[in-house]
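Novice: Here you go, entry-v8.pdb (PDB, C-alpha atoms, pLDDT in the B column):
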ATOM      1  CA  LEU A 673      83.423 111.032  99.995  1.00 38.00           C
ATOM      2  CA  LEU A 674      82.208 109.639  96.728  1.00 40.00           C
ATOM      3  CA  ASP A 675      79.077 110.892  95.023  1.00 42.00           C
ATOM      4  CA  GLY A 676      76.695 108.022  94.320  1.00 42.00           C
ATOM      5  CA  ALA A 677      76.225 109.384  90.791  1.00 39.00           C
ATOM      6  CA  LEU A 678      79.736 108.234  89.947  1.00 49.00           C
ATOM      7  CA  GLY A 679      78.502 104.666  89.735  1.00 56.00           C
ATOM      8  CA  VAL A 680      81.342 103.117  91.733  1.00 66.00           C
ATOM      9  CA  GLU A 681      79.592 102.602  95.049  1.00 79.00           C
ATOM     10  CA  GLN A 682      81.153  99.767  97.049  1.00 83.00           C
ATOM     11  CA  ASP A 683      80.515  97.796 100.228  1.00 83.00           C
ATOM     12  CA  GLY A 684      83.874  98.160 101.946  1.00 75.00           C
ATOM     13  CA  ASN A 685      82.929  96.708 105.332  1.00 76.00           C
ATOM     14  CA  ASP A 686      80.627  93.846 104.210  1.00 79.00           C
ATOM     15  CA  ASP A 687      77.541  95.213 105.953  1.00 80.00           C
ATOM     16  CA  GLY A 688      75.356  94.706 102.896  1.00 85.00           C
ATOM     17  CA  ARG A 689      75.104  98.430 102.144  1.00 85.00           C
ATOM     18  CA  ARG A 690      76.863 100.761  99.704  1.00 86.00           C
ATOM     19  CA  ASP A 691      76.902 104.040 101.595  1.00 81.00           C
ATOM     20  CA  PRO A 692      79.060 106.920 100.258  1.00 75.00           C
ATOM     21  CA  HIS A 693      78.973 108.452 103.753  1.00 75.00           C
ATOM     22  CA  ASN A 694      80.584 105.349 105.297  1.00 75.00           C
ATOM     23  CA  ALA A 695      84.393 105.665 105.443  1.00 73.00           C
ATOM     24  CA  TYR A 696      85.030 102.033 104.437  1.00 75.00           C
ATOM     25  CA  ASP A 697      82.602 102.120 101.509  1.00 76.00           C
ATOM     26  CA  ALA A 698      83.886 105.504 100.333  1.00 77.00           C
ATOM     27  CA  ALA A 699      87.538 104.430 100.526  1.00 77.00           C
ATOM     28  CA  LEU A 700      86.921 101.289  98.465  1.00 80.00           C
ATOM     29  CA  GLY A 701      84.830 103.262  96.000  1.00 79.00           C
ATOM     30  CA  ALA A 702      87.656 105.773  95.636  1.00 77.00           C
ATOM     31  CA  ALA A 703      90.105 102.931  94.958  1.00 77.00           C
ATOM     32  CA  VAL A 704      87.823 101.490  92.279  1.00 78.00           C
ATOM     33  CA  LEU A 705      87.460 104.896  90.661  1.00 77.00           C
ATOM     34  CA  LEU A 706      91.197 105.604  90.729  1.00 77.00           C
ATOM     35  CA  CYS A 707      92.196 102.185  89.414  1.00 76.00           C
ATOM     36  CA  GLY A 708      89.599 102.295  86.656  1.00 67.00           C
ATOM     37  CA  THR A 709      88.103  99.389  84.782  1.00 60.00           C
ATOM     38  CA  GLY A 710      91.107  98.864  82.498  1.00 63.00           C
ATOM     39  CA  LEU A 711      94.803  98.516  83.137  1.00 67.00           C
ATOM     40  CA  ARG A 712      96.126 101.534  85.018  1.00 77.00           C
ATOM     41  CA  ASN A 713      99.585 101.666  86.560  1.00 81.00           C
ATOM     42  CA  LEU A 714      99.417 104.059  89.498  1.00 79.00           C
ATOM     43  CA  SER A 715     103.161 103.745  90.057  1.00 77.00           C
ATOM     44  CA  ASP A 716     103.509 105.773  86.846  1.00 81.00           C
ATOM     45  CA  GLU A 717     103.088 109.441  87.826  1.00 84.00           C
ATOM     46  CA  THR A 718     101.429 110.408  84.533  1.00 88.00           C
ATOM     47  CA  GLN A 719      98.744 107.766  85.024  1.00 87.00           C
ATOM     48  CA  LEU A 720      98.439 108.595  88.709  1.00 87.00           C
ATOM     49  CA  ARG A 721      97.919 112.280  87.908  1.00 89.00           C
ATOM     50  CA  ALA A 722      95.261 111.362  85.356  1.00 88.00           C
ATOM     51  CA  ALA A 723      93.504 109.117  87.888  1.00 86.00           C
ATOM     52  CA  LEU A 724      93.500 111.795  90.576  1.00 87.00           C
ATOM     53  CA  TYR A 725      92.244 114.381  88.115  1.00 88.00           C
ATOM     54  CA  SER A 726      89.396 112.077  87.109  1.00 83.00           C
ATOM     55  CA  TYR A 727      88.407 111.933  90.789  1.00 80.00           C
ATOM     56  CA  ASN A 728      88.539 115.707  91.266  1.00 85.00           C
ATOM     57  CA  HIS A 729      88.976 118.023  88.274  1.00 89.00           C
ATOM     58  CA  SER A 730      91.422 120.303  90.052  1.00 92.00           C
ATOM     59  CA  GLN A 731      95.163 120.482  89.426  1.00 91.00           C
ATOM     60  CA  ALA A 732      95.570 121.999  92.904  1.00 89.00           C
ATOM     61  CA  TYR A 733      93.925 118.887  94.343  1.00 87.00           C
ATOM     62  CA  VAL A 734      96.220 116.629  92.300  1.00 88.00           C
ATOM     63  CA  THR A 735      99.299 118.494  93.535  1.00 87.00           C
ATOM     64  CA  LYS A 736      98.126 118.342  97.151  1.00 84.00           C
ATOM     65  CA  VAL A 737      97.481 114.582  97.022  1.00 82.00           C
ATOM     66  CA  LEU A 738     100.852 113.893  95.385  1.00 81.00           C
ATOM     67  CA  THR A 739     102.570 115.921  98.114  1.00 77.00           C
ATOM     68  CA  ILE A 740     100.845 113.837 100.793  1.00 74.00           C
ATOM     69  CA  ILE A 741     101.767 110.603  98.983  1.00 72.00           C
ATOM     70  CA  ARG A 742     105.434 111.589  98.830  1.00 67.00           C
ATOM     71  CA  SER A 743     105.449 112.542 102.508  1.00 56.00           C
ATOM     72  CA  TYR A 744     103.851 109.223 103.387  1.00 53.00           C
ATOM     73  CA  ASP A 745     106.340 107.298 101.260  1.00 53.00           C
ATOM     74  CA  THR A 746     109.267 108.757 103.202  1.00 46.00           C
ATOM     75  CA  ILE A 747     108.151 106.907 106.328  1.00 45.00           C
ATOM     76  CA  GLN A 748     110.045 103.673 106.800  1.00 45.00           C
ATOM     77  CA  PRO A 749     108.331 101.765 109.624  1.00 46.00           C
ATOM     78  CA  GLY A 750     110.171  99.026 111.392  1.00 47.00           C
ATOM     79  CA  SER A 751     113.559 100.216 110.174  1.00 46.00           C
ATOM     80  CA  GLY A 752     115.231  99.736 113.530  1.00 50.00           C
ATOM     81  CA  PRO A 753     114.785  99.092 117.261  1.00 57.00           C
ATOM     82  CA  ILE A 754     112.871 101.473 119.493  1.00 70.00           C
ATOM     83  CA  ALA A 755     115.447 103.906 120.865  1.00 77.00           C
ATOM     84  CA  ALA A 756     113.786 104.614 124.197  1.00 88.00           C
ATOM     85  CA  THR A 757     115.249 104.699 127.685  1.00 91.00           C
ATOM     86  CA  GLY A 758     114.065 105.651 131.155  1.00 95.00           C
ATOM     87  CA  ASP A 759     110.486 106.880 131.490  1.00 97.00           C
ATOM     88  CA  ALA A 760     109.937 106.798 127.723  1.00 96.00           C
ATOM     89  CA  LYS A 761     110.822 103.110 127.656  1.00 95.00           C
ATOM     90  CA  THR A 762     108.477 102.385 130.551  1.00 96.00           C
ATOM     91  CA  VAL A 763     105.591 104.180 128.816  1.00 97.00           C
ATOM     92  CA  ILE A 764     106.187 102.408 125.513  1.00 96.00           C
ATOM     93  CA  GLU A 765     106.587  98.966 127.071  1.00 94.00           C
ATOM     94  CA  ALA A 766     103.315  99.448 128.950  1.00 96.00           C
ATOM     95  CA  ALA A 767     101.518 100.303 125.718  1.00 96.00           C
ATOM     96  CA  LEU A 768     103.158  97.482 123.745  1.00 94.00           C
ATOM     97  CA  ALA A 769     102.068  94.994 126.382  1.00 94.00           C
ATOM     98  CA  GLN A 770      98.446  95.825 125.486  1.00 95.00           C
ATOM     99  CA  GLN A 771      98.751  94.747 121.835  1.00 93.00           C
ATOM    100  CA  GLY A 772      95.759  92.663 120.838  1.00 92.00           C
ATOM    101  CA  MET A 773      93.479  94.255 123.441  1.00 94.00           C
ATOM    102  CA  PRO A 774      90.150  95.186 121.785  1.00 94.00           C
ATOM    103  CA  TYR A 775      89.246  98.778 121.013  1.00 96.00           C
ATOM    104  CA  VAL A 776      86.424  99.880 123.322  1.00 96.00           C
ATOM    105  CA  TRP A 777      85.054 103.406 123.031  1.00 96.00           C
ATOM    106  CA  GLY A 778      85.636 105.120 126.363  1.00 97.00           C
ATOM    107  CA  GLY A 779      87.691 102.161 127.531  1.00 97.00           C
ATOM    108  CA  GLY A 780      90.758 102.345 129.731  1.00 97.00           C
ATOM    109  CA  ASN A 781      91.970 104.376 132.678  1.00 97.00           C
ATOM    110  CA  ALA A 782      95.080 104.670 134.813  1.00 98.00           C
ATOM    111  CA  ALA A 783      94.512 101.208 136.268  1.00 96.00           C
ATOM    112  CA  GLY A 784      94.084  99.350 132.977  1.00 96.00           C
ATOM    113  CA  PRO A 785      91.413  98.368 130.451  1.00 96.00           C
ATOM    114  CA  THR A 786      87.749  98.959 131.204  1.00 97.00           C
ATOM    115  CA  GLY A 787      84.821  97.371 129.442  1.00 95.00           C
ATOM    116  CA  GLY A 788      87.249  94.829 128.038  1.00 94.00           C
ATOM    117  CA  GLY A 789      89.624  97.187 126.279  1.00 96.00           C
ATOM    118  CA  PHE A 790      91.002 100.631 125.503  1.00 97.00           C
ATOM    119  CA  ASP A 791      90.244 103.535 123.264  1.00 98.00           C
ATOM    120  CA  CYS A 792      93.094 105.689 121.966  1.00 98.00           C
ATOM    121  CA  SER A 793      93.240 108.182 124.821  1.00 98.00           C
ATOM    122  CA  GLY A 794      92.582 105.506 127.449  1.00 98.00           C
ATOM    123  CA  LEU A 795      95.703 103.672 126.285  1.00 98.00           C
ATOM    124  CA  VAL A 796      97.691 106.890 126.688  1.00 98.00           C
ATOM    125  CA  VAL A 797      96.313 107.502 130.189  1.00 98.00           C
ATOM    126  CA  TYR A 798      97.190 103.953 131.241  1.00 98.00           C
ATOM    127  CA  SER A 799     100.683 103.954 129.750  1.00 98.00           C
ATOM    128  CA  TYR A 800     101.717 107.271 131.278  1.00 98.00           C
ATOM    129  CA  ALA A 801     100.243 106.290 134.639  1.00 98.00           C
ATOM    130  CA  ARG A 802     102.996 103.671 134.806  1.00 97.00           C
ATOM    131  CA  ILE A 803     105.456 106.510 135.468  1.00 98.00           C
ATOM    132  CA  GLY A 804     103.099 108.286 137.840  1.00 98.00           C
ATOM    133  CA  MET A 805     101.901 110.905 135.338  1.00 98.00           C
ATOM    134  CA  ALA A 806      98.186 111.718 135.376  1.00 98.00           C
ATOM    135  CA  LEU A 807      96.794 112.901 132.040  1.00 98.00           C
ATOM    136  CA  PRO A 808      93.438 114.253 130.891  1.00 97.00           C
ATOM    137  CA  ARG A 809      91.106 111.539 129.622  1.00 96.00           C
ATOM    138  CA  THR A 810      90.345 112.582 126.027  1.00 97.00           C
ATOM    139  CA  SER A 811      92.637 113.094 123.038  1.00 97.00           C
ATOM    140  CA  ARG A 812      91.385 116.654 122.631  1.00 96.00           C
ATOM    141  CA  THR A 813      92.381 117.590 126.179  1.00 97.00           C
ATOM    142  CA  GLN A 814      95.644 115.632 125.984  1.00 98.00           C
ATOM    143  CA  PHE A 815      96.592 117.848 123.036  1.00 97.00           C
ATOM    144  CA  THR A 816      96.595 120.856 125.404  1.00 96.00           C
ATOM    145  CA  VAL A 817      99.316 119.603 127.777  1.00 97.00           C
ATOM    146  CA  GLY A 818     103.079 119.294 127.440  1.00 96.00           C
ATOM    147  CA  THR A 819     105.289 120.909 124.815  1.00 97.00           C
ATOM    148  CA  ARG A 820     103.688 121.246 121.387  1.00 96.00           C
ATOM    149  CA  ILE A 821     105.604 119.989 118.339  1.00 97.00           C
ATOM    150  CA  PRO A 822     104.041 121.507 115.214  1.00 95.00           C
ATOM    151  CA  ARG A 823     103.039 119.410 112.236  1.00 93.00           C
ATOM    152  CA  GLU A 824     105.448 121.360 110.060  1.00 94.00           C
ATOM    153  CA  ALA A 825     108.405 120.043 112.082  1.00 95.00           C
ATOM    154  CA  GLY A 826     107.791 116.585 110.604  1.00 93.00           C
ATOM    155  CA  LEU A 827     108.297 113.173 112.133  1.00 93.00           C
ATOM    156  CA  GLY A 828     112.022 113.739 112.345  1.00 93.00           C
ATOM    157  CA  ALA A 829     111.413 116.087 115.274  1.00 95.00           C
ATOM    158  CA  LEU A 830     109.695 113.380 117.336  1.00 96.00           C
ATOM    159  CA  ARG A 831     111.083 111.212 120.109  1.00 96.00           C
ATOM    160  CA  PRO A 832     109.774 107.869 121.387  1.00 96.00           C
ATOM    161  CA  ALA A 833     106.804 108.331 123.768  1.00 97.00           C
ATOM    162  CA  ASP A 834     105.726 111.658 122.224  1.00 98.00           C
ATOM    163  CA  LEU A 835     101.986 111.768 121.627  1.00 98.00           C
ATOM    164  CA  VAL A 836     100.887 112.124 117.999  1.00 98.00           C
ATOM    165  CA  PHE A 837      97.484 113.581 117.178  1.00 98.00           C
ATOM    166  CA  TYR A 838      95.048 113.478 114.276  1.00 96.00           C
ATOM    167  CA  SER A 839      92.552 116.112 113.227  1.00 91.00           C
ATOM    168  CA  PRO A 840      90.792 117.003 109.991  1.00 79.00           C
ATOM    169  CA  SER A 841      89.123 119.783 112.021  1.00 79.00           C
ATOM    170  CA  ASN A 842      89.000 118.835 115.714  1.00 92.00           C
ATOM    171  CA  ILE A 843      91.430 116.508 117.494  1.00 96.00           C
ATOM    172  CA  HIS A 844      89.897 113.028 117.388  1.00 95.00           C
ATOM    173  CA  HIS A 845      92.745 110.512 117.774  1.00 97.00           C
ATOM    174  CA  VAL A 846      96.041 110.043 119.597  1.00 98.00           C
ATOM    175  CA  GLY A 847      98.857 107.511 119.448  1.00 98.00           C
ATOM    176  CA  ILE A 848     102.169 106.995 121.249  1.00 98.00           C
ATOM    177  CA  TYR A 849     105.160 107.482 118.974  1.00 97.00           C
ATOM    178  CA  LEU A 850     107.615 104.574 118.857  1.00 96.00           C
ATOM    179  CA  GLY A 851     110.172 105.865 116.379  1.00 94.00           C
ATOM    180  CA  ASN A 852     110.881 104.747 112.807  1.00 90.00           C
ATOM    181  CA  GLY A 853     107.631 106.374 111.633  1.00 92.00           C
ATOM    182  CA  GLU A 854     105.440 104.161 113.806  1.00 94.00           C
ATOM    183  CA  MET A 855     103.061 104.575 116.718  1.00 96.00           C
ATOM    184  CA  ILE A 856     101.108 102.261 118.976  1.00 96.00           C
ATOM    185  CA  ASN A 857      97.428 103.089 119.256  1.00 97.00           C
ATOM    186  CA  ALA A 858      93.888 101.805 119.640  1.00 97.00           C
ATOM    187  CA  PRO A 859      92.525 102.836 116.220  1.00 95.00           C
ATOM    188  CA  TYR A 860      88.738 102.381 116.104  1.00 94.00           C
ATOM    189  CA  THR A 861      85.848 100.007 116.759  1.00 93.00           C
ATOM    190  CA  GLY A 862      86.508  96.531 115.424  1.00 92.00           C
ATOM    191  CA  THR A 863      90.296  96.752 115.793  1.00 93.00           C
ATOM    192  CA  VAL A 864      92.764  96.049 118.586  1.00 93.00           C
ATOM    193  CA  VAL A 865      95.671  97.897 120.139  1.00 94.00           C
ATOM    194  CA  ARG A 866      98.349  97.697 117.473  1.00 94.00           C
ATOM    195  CA  ILE A 867     101.344  99.312 115.801  1.00 94.00           C
ATOM    196  CA  ASP A 868     100.552 101.541 112.811  1.00 94.00           C
ATOM    197  CA  ARG A 869     102.328 104.025 110.592  1.00 93.00           C
ATOM    198  CA  VAL A 870     101.996 107.669 111.520  1.00 94.00           C
ATOM    199  CA  ALA A 871     100.036 108.642 108.401  1.00 88.00           C
ATOM    200  CA  LEU A 872     100.564 112.294 107.586  1.00 89.00           C
ATOM    201  CA  GLY A 873      97.242 113.028 105.923  1.00 87.00           C
ATOM    202  CA  GLU A 874      95.448 114.051 109.129  1.00 90.00           C
ATOM    203  CA  TYR A 875      98.530 114.403 111.343  1.00 94.00           C
ATOM    204  CA  ALA A 876      98.002 117.521 113.471  1.00 95.00           C
ATOM    205  CA  GLY A 877     101.284 117.632 115.364  1.00 96.00           C
ATOM    206  CA  ALA A 878     102.587 116.110 118.562  1.00 97.00           C
ATOM    207  CA  VAL A 879     102.996 116.773 122.277  1.00 98.00           C
ATOM    208  CA  ARG A 880     106.102 115.980 124.301  1.00 98.00           C
ATOM    209  CA  LEU A 881     105.455 115.096 127.934  1.00 98.00           C
ATOM    210  CA  LEU A 882     108.949 113.947 128.867  1.00 97.00           C
ATOM    211  CA  GLY A 883     112.046 116.142 128.948  1.00 86.00           C
TER     212      GLY A 883
END
Could you write out this file's structure as structure tokens?

Specialist:
Amino acid sequence: LLDGALGVEQDGNDDGRRDPHNAYDAALGAAVLLCGTGLRNLSDETQLRAALYSYNHSQAYVTKVLTIIRSYDTIQPGSGPIAATGDAKTVIEAALAQQGMPYVWGGGNAAGPTGGGFDCSGLVVYSYARIGMALPRTSRTQFTVGTRIPREAGLGALRPADLVFYSPSNIHHVGIYLGNGEMINAPYTGTVVRIDRVALGEYAGAVRLLG
């Protein structure tokens, strides 16, 4: 997160505050810092490296961020139809049918939305219940079932309906893989069930529940 001394504090979520410990504010502040006050072309690697170095005076940091950017850029969402059949298709169709449903923390169970919506793991529980599979309720416990697919295997190792997990330290989020570098998930408060890229920055690996 950005240090307030940098002088680029921003209000990224329009709550009237500029809080470096708020993810939205910090992300916008980072963008302002990286883009600079003059013309800076971040599609030029020399300028991008300089921008990243100005954010964190570490060449190791610059190299790490560039590696993540390149991995992210290889994802081509929406490049083709969802190649799912059988139980995988049933699970995915159940999740897709919930698009637009509000995110509700703790929301959702095997029967459907609760409290007016779903959270990430509640959507998984509901979707897999459509094929008669009962799953643990939280993303952290869902990560312990099925066949583990390590992060290092990459997205190319995934199949539709695999569960993809996120964790900077502890597992905190799960989505249902669709294929083509995309997942359906209930991201966070203020959003709805939607299709997103599988961003690799905090990707912790996947779990396969179907043979």

Novice: Evaluate the PyMOL selection byres ((chain A and resi 759-773) around 9) on the structure here and hand back the selected residues as a PyMOL selection string.

Specialist: chain A and resi 754-758+774-775+785+788-790+795-796+798-803+831-834+848-850+856-858+863-867+882

Novice: Got a sec: who's within 8 Å of Asp791 of chain A, counting only C-alpha atoms, leaving out chain neighbours fewer than 4 positions off, as a VMD selection string?

Specialist: chain A and resid 775 to 780 795 858 to 860

Novice: Suppose you want the space between atom CA of Arg880 of chain A and atom CA of Phe815 of chain A; what is it in Å?

Specialist: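 About the pair atom CA of Arg880 of chain A and atom CA of Phe815 of chain A: they are 9.8 Å apart.
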
Novice: Just so the selection is clear, what residues does the PyMOL selection byres ((chain A and resi 826) around 10) cover here, as a PyMOL selection string?

Specialist: chain A and resi 743+821-825+827-830+872+875+877-878

Novice: Calculated over all atoms listed in the file, which of the candidates A:Ala702, A:Ala871, A:Thr813, A:Arg690 has the smallest distance to Leu724 of chain A?

Specialist: A:Ala702

Novice: Please compute the atom CA of Ala782 of chain A-atom CA of Gln814 of chain A distance, one decimal, in Å.

Specialist: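 We find that atom CA of Ala782 of chain A and atom CA of Gln814 of chain A lie 14.1 Å from each other.
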
Novice: As an exercise, work out the distance from atom CA of Gly684 of chain A to atom CA of Tyr727 of chain A in Å and give it to one decimal place.

Specialist: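 Computed distance, atom CA of Gly684 of chain A to atom CA of Tyr727 of chain A, equals 18.3 Å.
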
Novice: Which of these residues is nearest to Gly851 of chain A, using all atoms listed in the file: A:Asp868, A:Glu681, A:Arg812, A:Tyr838?

Specialist: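 Of A:Asp868, A:Glu681, A:Arg812, A:Tyr838, the one nearest Gly851 of chain A, counting all atoms listed in the file, is A:Asp868.
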
Novice: Which residues would end up in the selection if the PyMOL selection byres ((chain A and resi 819) around 6) were applied here, given that I need the answer as a ChimeraX atom specification?

Specialist: /A:818,820,879-880

Novice: Which one of A:Ser715, A:Pro692, A:Leu705, A:Pro840 sits closest to Asn728 of chain A if you count all atoms listed in the file?

Specialist: A:Leu705

Novice: Looking at all atoms listed in the file, which of A:Asn685, A:Glu854, A:Gln719, A:Ser793 is the one that sits closest to Gly701 of chain A?

Specialist: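 For Gly701 of chain A, the nearest of the given residues is A:Asn685.
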